[in-house]
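Structure file run_19.tsv with TSV, C-alpha atoms:
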```tsv
chain	number	residue	atom	x	y	z
A	1	MET	CA	-113.56	158.51	27.71
A	2	THR	CA	-110.95	159.40	25.09
A	3	PHE	CA	-109.41	157.69	22.09
A	4	LEU	CA	-106.28	157.11	24.16
A	5	SER	CA	-108.37	155.26	26.76
A	6	LEU	CA	-109.95	153.19	24.00
A	7	ALA	CA	-106.52	152.43	22.57
A	8	LEU	CA	-105.33	151.32	26.01
A	9	ILE	CA	-108.34	149.01	26.36
A	10	ALA	CA	-107.71	147.51	22.92
A	11	VAL	CA	-104.05	146.90	23.73
A	12	VAL	CA	-104.51	145.36	27.16
A	13	ALA	CA	-107.34	143.16	25.79
A	14	LEU	CA	-104.66	141.38	23.74
A	15	ALA	CA	-103.82	139.62	27.00
A	16	GLY	CA	-106.79	137.39	26.21
A	17	PRO	CA	-105.39	135.78	23.04
A	18	LEU	CA	-101.88	135.69	24.51
A	19	LEU	CA	-103.00	133.77	27.59
A	20	ALA	CA	-105.13	131.43	25.47
A	21	LEU	CA	-102.33	130.83	22.96
A	22	PRO	CA	-100.95	127.59	24.51
A	23	VAL	CA	-103.37	125.01	23.12
A	24	ARG	CA	-102.72	122.50	25.88
A	25	TRP	CA	-104.05	124.93	28.52
A	26	ARG	CA	-107.44	125.31	26.76
A	27	LEU	CA	-108.09	128.61	28.54
A	28	PRO	CA	-110.87	130.90	27.26
A	29	VAL	CA	-109.80	134.20	25.72
A	30	VAL	CA	-112.02	136.14	28.10
A	31	LEU	CA	-109.86	135.15	31.08
A	32	GLY	CA	-106.97	137.34	29.95
A	33	GLU	CA	-109.35	140.19	29.13
A	34	LEU	CA	-110.85	140.06	32.62
A	35	LEU	CA	-107.38	140.04	34.18
A	36	ALA	CA	-106.33	142.99	32.00
A	37	GLY	CA	-109.37	144.93	33.18
A	38	ILE	CA	-108.51	144.17	36.78
A	39	VAL	CA	-104.97	145.50	36.25
A	40	ILE	CA	-106.05	148.84	34.74
A	41	GLY	CA	-109.26	149.25	36.74
A	42	ARG	CA	-110.35	149.85	40.33
A	43	SER	CA	-108.34	146.96	41.72
A	44	GLY	CA	-105.13	147.97	39.97
A	45	LEU	CA	-103.71	151.09	38.39
A	46	ALA	CA	-107.04	152.96	37.97
A	47	LEU	CA	-106.14	153.99	34.42
A	48	VAL	CA	-109.76	153.72	33.26
A	49	ASP	CA	-113.02	154.66	34.92
A	50	PRO	CA	-115.66	151.90	34.55
A	51	SER	CA	-118.39	154.37	35.56
A	52	ASP	CA	-117.69	156.52	32.50
A	53	PRO	CA	-120.97	156.65	30.51
A	54	THR	CA	-119.30	156.02	27.16
A	55	PHE	CA	-117.30	153.08	28.52
A	56	SER	CA	-120.43	151.64	30.14
A	57	LEU	CA	-122.44	152.02	26.92
A	58	LEU	CA	-119.79	150.28	24.82
A	59	ALA	CA	-119.57	147.53	27.44
A	60	ASN	CA	-123.35	147.03	27.40
A	61	ILE	CA	-123.33	146.84	23.60
A	62	GLY	CA	-120.58	144.24	23.84
A	63	PHE	CA	-122.56	142.34	26.48
A	64	ALA	CA	-125.69	142.25	24.29
A	65	LEU	CA	-123.68	141.22	21.24
A	66	MET	CA	-121.78	138.55	23.17
A	67	MET	CA	-125.03	137.03	24.43
A	68	PHE	CA	-126.47	137.23	20.90
A	69	VAL	CA	-123.52	135.25	19.54
A	70	ALA	CA	-123.90	132.77	22.42
A	71	GLY	CA	-127.55	132.30	21.44
A	72	THR	CA	-126.62	131.61	17.83
A	73	HIS	CA	-124.29	128.85	19.07
A	74	VAL	CA	-127.17	126.87	20.57
A	75	PRO	CA	-127.74	124.11	17.97
A	76	VAL	CA	-131.53	124.35	17.81
A	77	ARG	CA	-131.59	123.20	14.16
A	78	ASP	CA	-129.44	120.11	14.66
A	79	PRO	CA	-131.67	117.00	14.32
A	80	GLN	CA	-129.28	115.03	16.55
A	81	ILE	CA	-129.84	117.54	19.33
A	82	ARG	CA	-133.61	117.34	18.90
A	83	SER	CA	-133.59	113.57	19.25
A	84	ALA	CA	-131.55	113.87	22.45
A	85	LEU	CA	-133.70	116.58	24.02
A	86	GLY	CA	-135.60	114.13	26.25
A	87	LYS	CA	-132.49	112.69	27.87
A	88	GLY	CA	-130.87	116.12	28.04
A	89	ALA	CA	-133.95	117.63	29.68
A	90	ARG	CA	-134.06	114.90	32.34
A	91	ARG	CA	-130.41	115.43	33.20
A	92	ALA	CA	-130.76	119.21	33.24
A	93	THR	CA	-133.76	118.86	35.58
A	94	ALA	CA	-131.80	116.51	37.85
A	95	ALA	CA	-128.89	118.97	37.93
A	96	ALA	CA	-131.32	121.78	38.80
A	97	ALA	CA	-132.78	119.72	41.66
A	98	ALA	CA	-129.30	119.04	43.02
A	99	ALA	CA	-128.46	122.74	42.61
A	100	VAL	CA	-131.41	123.68	44.83
A	101	ALA	CA	-129.99	121.61	47.68
A	102	VAL	CA	-126.34	122.61	47.22
A	103	GLY	CA	-127.06	126.28	46.43
A	104	THR	CA	-129.35	126.66	49.43
A	105	GLY	CA	-126.69	125.12	51.64
A	106	ILE	CA	-124.03	127.53	50.33
A	107	GLY	CA	-126.37	130.48	50.85
A	108	LEU	CA	-127.05	129.46	54.45
A	109	LEU	CA	-123.38	128.72	55.12
A	110	PHE	CA	-122.16	132.15	53.97
A	111	GLY	CA	-125.26	134.10	55.06
A	112	THR	CA	-125.44	136.32	51.98
A	113	GLY	CA	-129.18	135.95	51.42
A	114	HIS	CA	-128.56	135.14	47.75
A	115	ALA	CA	-129.26	131.41	47.77
A	116	PRO	CA	-131.68	131.63	44.76
A	117	LEU	CA	-128.90	133.23	42.72
A	118	TYR	CA	-126.47	130.46	43.70
A	119	VAL	CA	-129.01	127.82	42.66
A	120	VAL	CA	-129.12	129.30	39.14
A	121	LEU	CA	-125.34	129.50	38.98
A	122	LEU	CA	-124.89	125.88	40.05
A	123	ALA	CA	-127.50	124.61	37.60
A	124	SER	CA	-126.16	126.59	34.64
A	125	SER	CA	-123.91	125.49	31.81
A	126	SER	CA	-122.31	127.63	29.13
A	127	ALA	CA	-123.13	126.55	25.57
A	128	ALA	CA	-120.78	129.24	24.28
A	129	LEU	CA	-117.93	127.62	26.22
A	130	VAL	CA	-118.77	123.91	26.07
A	131	LEU	CA	-119.70	123.67	22.37
A	132	PRO	CA	-116.40	125.11	21.07
A	133	ILE	CA	-114.52	122.63	23.31
A	134	VAL	CA	-116.62	119.77	21.91
A	135	ASP	CA	-115.95	120.91	18.34
A	136	SER	CA	-112.23	121.57	18.81
A	137	LEU	CA	-111.69	118.14	20.38
A	138	ARG	CA	-113.97	116.46	17.80
A	139	LEU	CA	-116.01	114.75	20.49
A	140	GLY	CA	-118.89	112.65	19.19
A	141	GLY	CA	-121.30	109.83	19.92
A	142	PRO	CA	-124.72	109.53	21.63
A	143	ASP	CA	-123.38	110.52	25.06
A	144	VAL	CA	-121.82	113.70	23.69
A	145	VAL	CA	-124.99	114.63	21.79
A	146	ALA	CA	-127.13	114.12	24.91
A	147	MET	CA	-124.69	116.19	26.97
A	148	THR	CA	-124.85	118.96	24.37
A	149	ALA	CA	-128.64	118.99	24.56
A	150	GLN	CA	-128.43	119.14	28.36
A	151	VAL	CA	-126.05	122.11	28.20
A	152	ALA	CA	-128.28	123.98	25.74
A	153	ILE	CA	-131.38	123.46	27.89
A	154	ALA	CA	-129.62	124.50	31.11
A	155	ASP	CA	-128.10	127.55	29.43
A	156	ILE	CA	-131.44	128.80	28.12
A	157	ALA	CA	-133.34	128.13	31.34
A	158	CYS	CA	-130.76	129.78	33.59
A	159	ILE	CA	-130.38	132.86	31.41
A	160	VAL	CA	-134.16	133.34	31.56
A	161	ALA	CA	-134.23	132.79	35.34
A	162	LEU	CA	-131.20	134.92	36.22
A	163	PRO	CA	-132.76	138.42	35.91
A	164	LEU	CA	-135.66	137.27	38.11
A	165	LEU	CA	-133.38	136.09	40.91
A	166	VAL	CA	-130.60	138.67	40.97
A	167	ASP	CA	-133.04	141.22	42.40
A	168	PRO	CA	-135.88	139.18	44.06
A	169	PRO	CA	-137.83	142.23	45.39
A	170	HIS	CA	-138.45	143.29	41.80
A	171	ALA	CA	-138.96	139.80	40.38
A	172	GLY	CA	-142.51	140.57	39.28
A	173	ARG	CA	-141.41	143.54	37.23
A	174	ALA	CA	-138.52	141.52	35.81
A	175	ALA	CA	-140.90	138.68	34.88
A	176	LEU	CA	-143.17	141.11	33.02
A	177	GLY	CA	-140.17	142.54	31.22
A	178	ALA	CA	-138.94	139.05	30.35
A	179	LEU	CA	-142.35	138.22	28.86
A	180	THR	CA	-142.20	141.42	26.82
A	181	VAL	CA	-138.76	140.58	25.45
A	182	THR	CA	-139.89	137.00	24.73
A	183	GLY	CA	-142.91	138.30	22.83
A	184	CYS	CA	-140.66	140.52	20.72
A	185	ALA	CA	-138.39	137.54	20.02
A	186	VAL	CA	-141.34	135.43	18.87
A	187	ALA	CA	-142.55	138.24	16.61
A	188	LEU	CA	-139.05	138.54	15.13
A	189	TYR	CA	-138.92	134.80	14.51
A	190	VAL	CA	-142.24	134.89	12.64
A	191	ALA	CA	-141.06	137.83	10.54
A	192	LEU	CA	-137.65	136.32	9.74
A	193	ARG	CA	-139.20	132.93	8.97
A	194	TRP	CA	-141.60	134.60	6.53
A	195	LEU	CA	-138.74	136.47	4.83
A	196	GLU	CA	-136.83	133.17	4.57
A	197	ASP	CA	-139.76	131.23	3.13
A	198	LYS	CA	-140.49	133.94	0.56
A	199	GLY	CA	-136.88	133.95	-0.58
A	200	ILE	CA	-136.50	137.61	0.32
A	201	ARG	CA	-133.56	136.99	2.65
A	202	GLY	CA	-131.70	135.12	-0.07
A	203	ARG	CA	-132.18	137.96	-2.55
A	204	VAL	CA	-131.06	140.53	0.02
A	205	HIS	CA	-128.03	138.37	0.81
A	206	ARG	CA	-126.95	138.18	-2.84
A	207	LEU	CA	-127.50	141.91	-3.34
A	208	SER	CA	-125.52	142.71	-0.21
A	209	GLU	CA	-122.66	140.42	-1.23
A	210	ASN	CA	-122.50	141.73	-4.79
A	211	ARG	CA	-122.71	145.41	-3.82
A	212	LYS	CA	-120.75	145.17	-0.54
A	213	PHE	CA	-123.64	146.73	1.42
A	214	ALA	CA	-123.43	144.53	4.56
A	215	LEU	CA	-127.21	144.76	4.71
A	216	GLU	CA	-127.69	141.66	6.85
A	217	LEU	CA	-125.27	142.91	9.46
A	218	ARG	CA	-127.03	146.28	9.53
A	219	PHE	CA	-130.45	144.68	9.92
A	220	GLN	CA	-129.25	142.31	12.63
A	221	LEU	CA	-127.64	145.09	14.64
A	222	ALA	CA	-130.73	147.29	14.29
A	223	ALA	CA	-132.93	144.44	15.54
A	224	LEU	CA	-130.51	143.65	18.37
A	225	PHE	CA	-130.35	147.26	19.54
A	226	ALA	CA	-134.15	147.54	19.32
A	227	MET	CA	-134.49	144.40	21.46
A	228	ALA	CA	-131.95	145.80	23.92
A	229	GLY	CA	-133.92	149.05	24.04
A	230	VAL	CA	-137.12	147.14	24.83
A	231	ALA	CA	-135.29	145.19	27.53
A	232	THR	CA	-133.88	148.36	29.11
A	233	PHE	CA	-137.29	150.04	29.02
A	234	SER	CA	-138.82	146.90	30.59
A	235	ASN	CA	-136.18	146.84	33.37
A	236	VAL	CA	-134.62	143.61	32.03
A	237	SER	CA	-130.93	143.08	31.34
A	238	VAL	CA	-129.77	143.35	27.74
A	239	MET	CA	-128.44	139.83	28.34
A	240	MET	CA	-131.87	138.34	27.73
A	241	ALA	CA	-132.49	140.51	24.69
A	242	GLY	CA	-129.24	139.42	23.07
A	243	PHE	CA	-129.59	135.75	23.89
A	244	SER	CA	-133.24	135.45	22.82
A	245	PHE	CA	-132.53	137.18	19.51
A	246	GLY	CA	-129.56	134.86	19.02
A	247	LEU	CA	-131.86	131.86	19.48
A	248	VAL	CA	-134.22	133.33	16.88
A	249	VAL	CA	-131.40	133.71	14.36
A	250	ALA	CA	-130.16	130.19	15.15
A	251	ALA	CA	-133.67	128.78	14.58
A	252	VAL	CA	-134.05	130.55	11.23
A	253	GLY	CA	-130.47	129.94	10.09
A	254	GLU	CA	-127.48	132.25	10.15
A	255	PRO	CA	-125.43	132.70	6.93
A	256	ARG	CA	-121.74	131.97	7.37
A	257	ARG	CA	-120.78	135.36	5.99
A	258	LEU	CA	-122.90	137.10	8.61
A	259	ALA	CA	-121.49	134.82	11.32
A	260	ARG	CA	-117.96	135.90	10.35
A	261	GLN	CA	-118.95	139.57	10.44
A	262	LEU	CA	-120.53	139.22	13.86
A	263	PHE	CA	-117.53	137.26	15.10
A	264	ALA	CA	-115.21	140.08	14.03
A	265	LEU	CA	-117.39	142.74	15.65
A	266	SER	CA	-117.97	140.82	18.88
A	267	ASP	CA	-114.71	138.98	19.50
A	268	GLY	CA	-112.53	141.61	17.85
A	269	PHE	CA	-113.77	144.73	19.60
A	270	LEU	CA	-116.98	144.99	21.63
A	271	GLY	CA	-116.66	141.70	23.50
A	272	PRO	CA	-113.16	142.51	24.77
A	273	VAL	CA	-114.37	145.99	25.76
A	274	PHE	CA	-117.09	144.39	27.89
A	275	PHE	CA	-114.75	141.98	29.65
A	276	VAL	CA	-112.14	144.67	30.30
A	277	TRP	CA	-114.93	146.87	31.68
A	278	LEU	CA	-116.15	144.04	33.89
A	279	GLY	CA	-112.66	143.39	35.21
A	280	ALA	CA	-112.13	147.11	35.75
A	281	SER	CA	-115.41	147.29	37.70
A	282	LEU	CA	-114.38	144.61	40.18
A	283	THR	CA	-112.84	145.67	43.46
A	284	LEU	CA	-110.65	142.74	44.41
A	285	ARG	CA	-109.55	144.59	47.51
A	286	ASP	CA	-112.94	143.58	48.84
A	287	LEU	CA	-111.80	139.97	48.59
A	288	ALA	CA	-108.79	140.78	50.75
A	289	GLY	CA	-111.04	142.49	53.23
A	290	HIS	CA	-113.64	139.72	53.05
A	291	PRO	CA	-111.78	136.40	52.86
A	292	ASP	CA	-115.11	134.64	53.24
A	293	MET	CA	-115.87	135.73	49.67
A	294	ILE	CA	-112.86	133.75	48.44
A	295	GLY	CA	-114.36	130.77	50.19
A	296	LEU	CA	-117.72	131.55	48.59
A	297	GLY	CA	-116.16	131.53	45.11
A	298	LEU	CA	-114.40	128.24	45.71
A	299	ALA	CA	-117.59	126.75	47.18
A	300	LEU	CA	-119.62	127.84	44.14
A	301	GLY	CA	-117.08	126.31	41.78
A	302	ALA	CA	-116.87	123.06	43.72
A	303	GLY	CA	-120.65	122.95	44.11
A	304	THR	CA	-121.16	123.36	40.38
A	305	LEU	CA	-118.74	120.53	39.63
A	306	LEU	CA	-120.44	118.31	42.22
A	307	THR	CA	-123.89	119.09	40.84
A	308	HIS	CA	-122.99	118.15	37.27
A	309	ALA	CA	-120.62	115.29	38.09
A	310	GLY	CA	-123.48	113.71	40.03
A	311	LEU	CA	-125.22	113.08	36.71
A	312	VAL	CA	-123.03	110.00	36.43
A	313	PHE	CA	-125.88	108.26	38.27
A	314	LEU	CA	-128.10	109.02	35.25
A	315	GLY	CA	-125.62	107.47	32.85
A	316	LEU	CA	-123.59	110.54	31.89
A	317	PRO	CA	-119.86	109.64	31.84
A	318	LEU	CA	-117.90	111.54	34.49
A	319	PRO	CA	-115.62	113.50	32.09
A	320	LEU	CA	-118.66	114.72	30.16
A	321	GLY	CA	-120.45	115.60	33.39
A	322	VAL	CA	-117.53	117.76	34.55
A	323	LEU	CA	-117.27	119.28	31.06
A	324	SER	CA	-120.98	120.20	31.17
A	325	ALA	CA	-120.31	122.15	34.39
A	326	ALA	CA	-118.23	124.74	32.53
A	327	GLN	CA	-119.87	128.12	32.96
A	328	LEU	CA	-119.07	131.64	31.96
A	329	GLY	CA	-122.00	133.63	30.56
A	330	VAL	CA	-124.33	133.26	33.56
A	331	PRO	CA	-121.73	134.11	36.27
A	332	VAL	CA	-120.45	137.02	34.19
A	333	ALA	CA	-124.02	138.22	33.68
A	334	ALA	CA	-124.78	137.85	37.40
A	335	ALA	CA	-121.67	139.85	38.30
A	336	SER	CA	-122.46	142.52	35.71
A	337	ILE	CA	-126.15	142.87	36.57
A	338	GLY	CA	-125.53	142.67	40.30
A	339	THR	CA	-122.83	145.35	40.07
A	340	GLN	CA	-125.08	147.65	38.07
A	341	LEU	CA	-128.03	147.17	40.45
A	342	GLN	CA	-125.76	147.31	43.52
A	343	VAL	CA	-127.46	144.27	45.05
A	344	LEU	CA	-124.32	142.19	45.69
A	345	LEU	CA	-122.20	142.28	48.82
A	346	PRO	CA	-118.64	143.67	48.71
A	347	GLY	CA	-116.46	141.12	46.94
A	348	GLU	CA	-119.41	138.94	45.92
A	349	ALA	CA	-119.17	139.80	42.21
A	350	ALA	CA	-115.53	138.74	42.21
A	351	ALA	CA	-116.50	135.56	44.09
A	352	LEU	CA	-118.94	134.65	41.32
A	353	LEU	CA	-116.14	134.90	38.78
A	354	VAL	CA	-113.78	132.85	40.99
A	355	GLY	CA	-116.38	130.09	40.93
A	356	ALA	CA	-116.60	130.28	37.14
A	357	LEU	CA	-112.81	130.04	36.84
A	358	VAL	CA	-112.84	126.86	38.94
A	359	THR	CA	-115.29	125.25	36.50
A	360	ILE	CA	-113.28	126.43	33.49
A	361	ALA	CA	-110.11	124.87	34.86
A	362	ALA	CA	-111.93	121.61	35.59
A	363	SER	CA	-113.57	121.56	32.15
A	364	ALA	CA	-110.18	121.92	30.45
A	365	VAL	CA	-108.96	118.79	32.25
A	366	ALA	CA	-112.25	116.96	31.65
A	367	GLY	CA	-112.16	117.80	27.94
A	368	SER	CA	-108.75	116.18	27.62
A	369	ARG	CA	-109.99	113.07	29.43
A	370	ALA	CA	-113.15	112.93	27.32
A	371	ALA	CA	-111.12	113.13	24.11
A	372	ARG	CA	-109.49	109.79	24.94
A	373	THR	CA	-112.85	108.05	24.76
A	374	PHE	CA	-115.21	110.18	22.68
A	375	ALA	CA	-112.99	111.79	20.02
A	376	LEU	CA	-114.06	110.99	16.47
A	377	PRO	CA	-111.46	109.61	14.03
A	378	ALA	CA	-109.70	112.35	12.10
A	379	ASN	CA	-110.98	111.02	8.75
A	380	SER	CA	-114.55	110.30	9.87
A	381	GLY	CA	-116.01	113.52	8.52
A	382	GLY	CA	-118.76	113.16	11.11
A	383	LYS	CA	-120.24	115.88	13.22
A	384	SER	CA	-119.14	116.16	16.79
A	385	GLY	CA	-122.54	116.94	18.12
A	386	GLY	CA	-121.60	120.54	18.76
A	387	ALA	CA	-123.09	123.62	17.25
A	388	GLY	CA	-120.70	123.94	14.38
A	389	THR	CA	-121.56	126.84	12.10
A	390	ILE	CA	-125.20	127.50	11.47
A	391	VAL	CA	-125.78	128.03	7.79
A	392	GLY	CA	-128.88	129.49	6.26
A	393	PRO	CA	-130.43	128.32	2.98
A	394	GLY	CA	-129.19	130.16	-0.05
A	395	ASP	CA	-125.91	131.10	1.60
A	396	PRO	CA	-122.80	130.60	-0.55
A	397	GLY	CA	-121.39	128.42	2.24
A	398	ASP	CA	-124.47	126.24	2.31
A	399	PRO	CA	-123.85	122.87	0.67
A	400	GLN	CA	-127.46	122.93	-0.50
A	401	GLY	CA	-126.94	126.23	-2.23
```

Can the structure in the file be given as structure tokens, please?
Amino acid sequence: MTFLSLALIAVVALAGPLLALPVRWRLPVVLGELLAGIVIGRSGLALVDPSDPTFSLLANIGFALMMFVAGTHVPVRDPQIRSALGKGARRATAAAAAAVAVGTGIGLLFGTGHAPLYVVLLASSSAALVLPIVDSLRLGGPDVVAMTAQVAIADIACIVALPLLVDPPHAGRAALGALTVTGCAVALYVALRWLEDKGIRGRVHRLSENRKFALELRFQLAALFAMAGVATFSNVSVMMAGFSFGLVVAAVGEPRRLARQLFALSDGFLGPVFFVWLGASLTLRDLAGHPDMIGLGLALGAGTLLTHAGLVFLGLPLPLGVLSAAQLGVPVAAASIGTQLQVLLPGEAAALLVGALVTIAASAVAGSRAARTFALPANSGGKSGGAGTIVGPGDPGDPQG
């Protein structure tokens, strides 16, 4: 990989913001980045080689960082979310039960042998996608808070389950690796909590800000890469390492300044590199040669919407149910991991992303419908029930500071 290749990737990744620019469309930035990767990758002009070791390494770093940021968006410190956990857990469990039936049916219908993977996909929700929609539309109220809790629970559970089900023959090894990564995350939480309680983090933050050292960013990246190294050694995707560390940081409290730095690093460079790499890795010609995979993608998208919309029987309003079906991280992770392990059928990785795009399109419409009923008044000053920005004690952006 050369600097010219990297420059090309950075330029074509601008398709993401350009496609997401019309506010009324409410399209995620990653959609344009995926499409750009498809154009310059194996399915298009073949201007970049996704098997290049440097490209793959940068993409994996972006994947880990993207999942870390997604973990920090889970509002584990929000007392409103905690009070709604019971209702959210019941709905997430009901959605998982429905996903077992629908996902098994899809697996039998298409004969891929990957029904367990489809069950996880259908049950999943994307906190990193749903929560920004909730915040941008200023949705609020008890129903929105309960839906947010449901999304957070489903997101966490499915991300933990995914590595075990992508490659079932090695599920035992993956489970042991997942336990190892979880143990490291717990140890990190204890250490960070101790540093917070002793006031050490606050002193380091002020020193870093005054001297322009970016110490917190350096420490976070070192911990993230160490977790990713443990995950790789334990035969677990870096996805779980990034997400679990993100949950740890969310539980302890992330300073706004650090959040901005991570946003710039993830969304400005490494995240787009990952999505361009993923798009470049897809061989959409396989979809043309296997039209059943197009049907599989549409079936997964429709099945996900059906699974979550069915929660209307548990009192979840239909627009919020469809909004909770929005998924991105889990299908992207499944496509990425499955491609790397070579366990998916030709065209199946692309089919997983087709299903995700169906849910994204439906969630954009559902968000607009939900805003008519659940949008907070512009001058209310209330919280929407989304993640917002997690602020740590002692941070200059903390109102308590």

- Message: For a quick check of understanding, using only C-alpha atoms, which of A:Leu320, A:Val144, A:Gly301, A:Pro255 has the smallest distance to A:Arg206?
- Response: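 Under the stated criterion, the closest residue is A:Pro255.
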
- Figure out the distance between atom CA of A:Ile9 and atom CA of A:Leu47, please, to one decimal in Å. 9.7 Å

- Message: Could you check the closest approach to A:Gly295 for each of A:Leu318, A:Ala333, A:Ala226, A:Leu109 and tell me which residue wins, using only C-alpha atoms?
- Response: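 Between A:Leu318, A:Ala333, A:Ala226, A:Leu109, the residue approaching A:Gly295 most closely is A:Leu109.
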
- Item | Atom pair atom CA of A:Val190 / atom CA of A:Val145: separation (Å) | 28.1 Å

- Message: Taking only C-alpha atoms into account, name the residue in A:Ala99, A:Leu258, A:Leu165, A:Leu247 that is nearest to A:His205.
- Response: A:Leu258

- Please measure the separation of atom CA of A:Thr359 and atom CA of A:Leu323, giving the value in Å to one decimal.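 Here the two named atoms are 8.3 Å from each other.
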
- Message: Just checking: using all atoms listed in the file, which residue out of A:Met240, A:Leu195, A:Val74, A:Leu117 ends up closest to A:Ala178?
- Response: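 Smallest distance to A:Ala178 is found for A:Met240.
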
- Message: Ranking A:Thr72, A:Pro331, A:Ala123, A:Leu207 by minimum distance to A:Leu306 and counting all atoms listed in the file, which one comes first?
- Response: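 Under the stated criterion, the closest residue is A:Ala123.
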
- Item | Contacts of A:Ala127 within 10 Å, all atoms listed in the file, excl. fewer than 3 positions in-chain, as a PyMOL selection string | chain A and resi 70-75+124+130-133+148-156+324+326-329+386-387
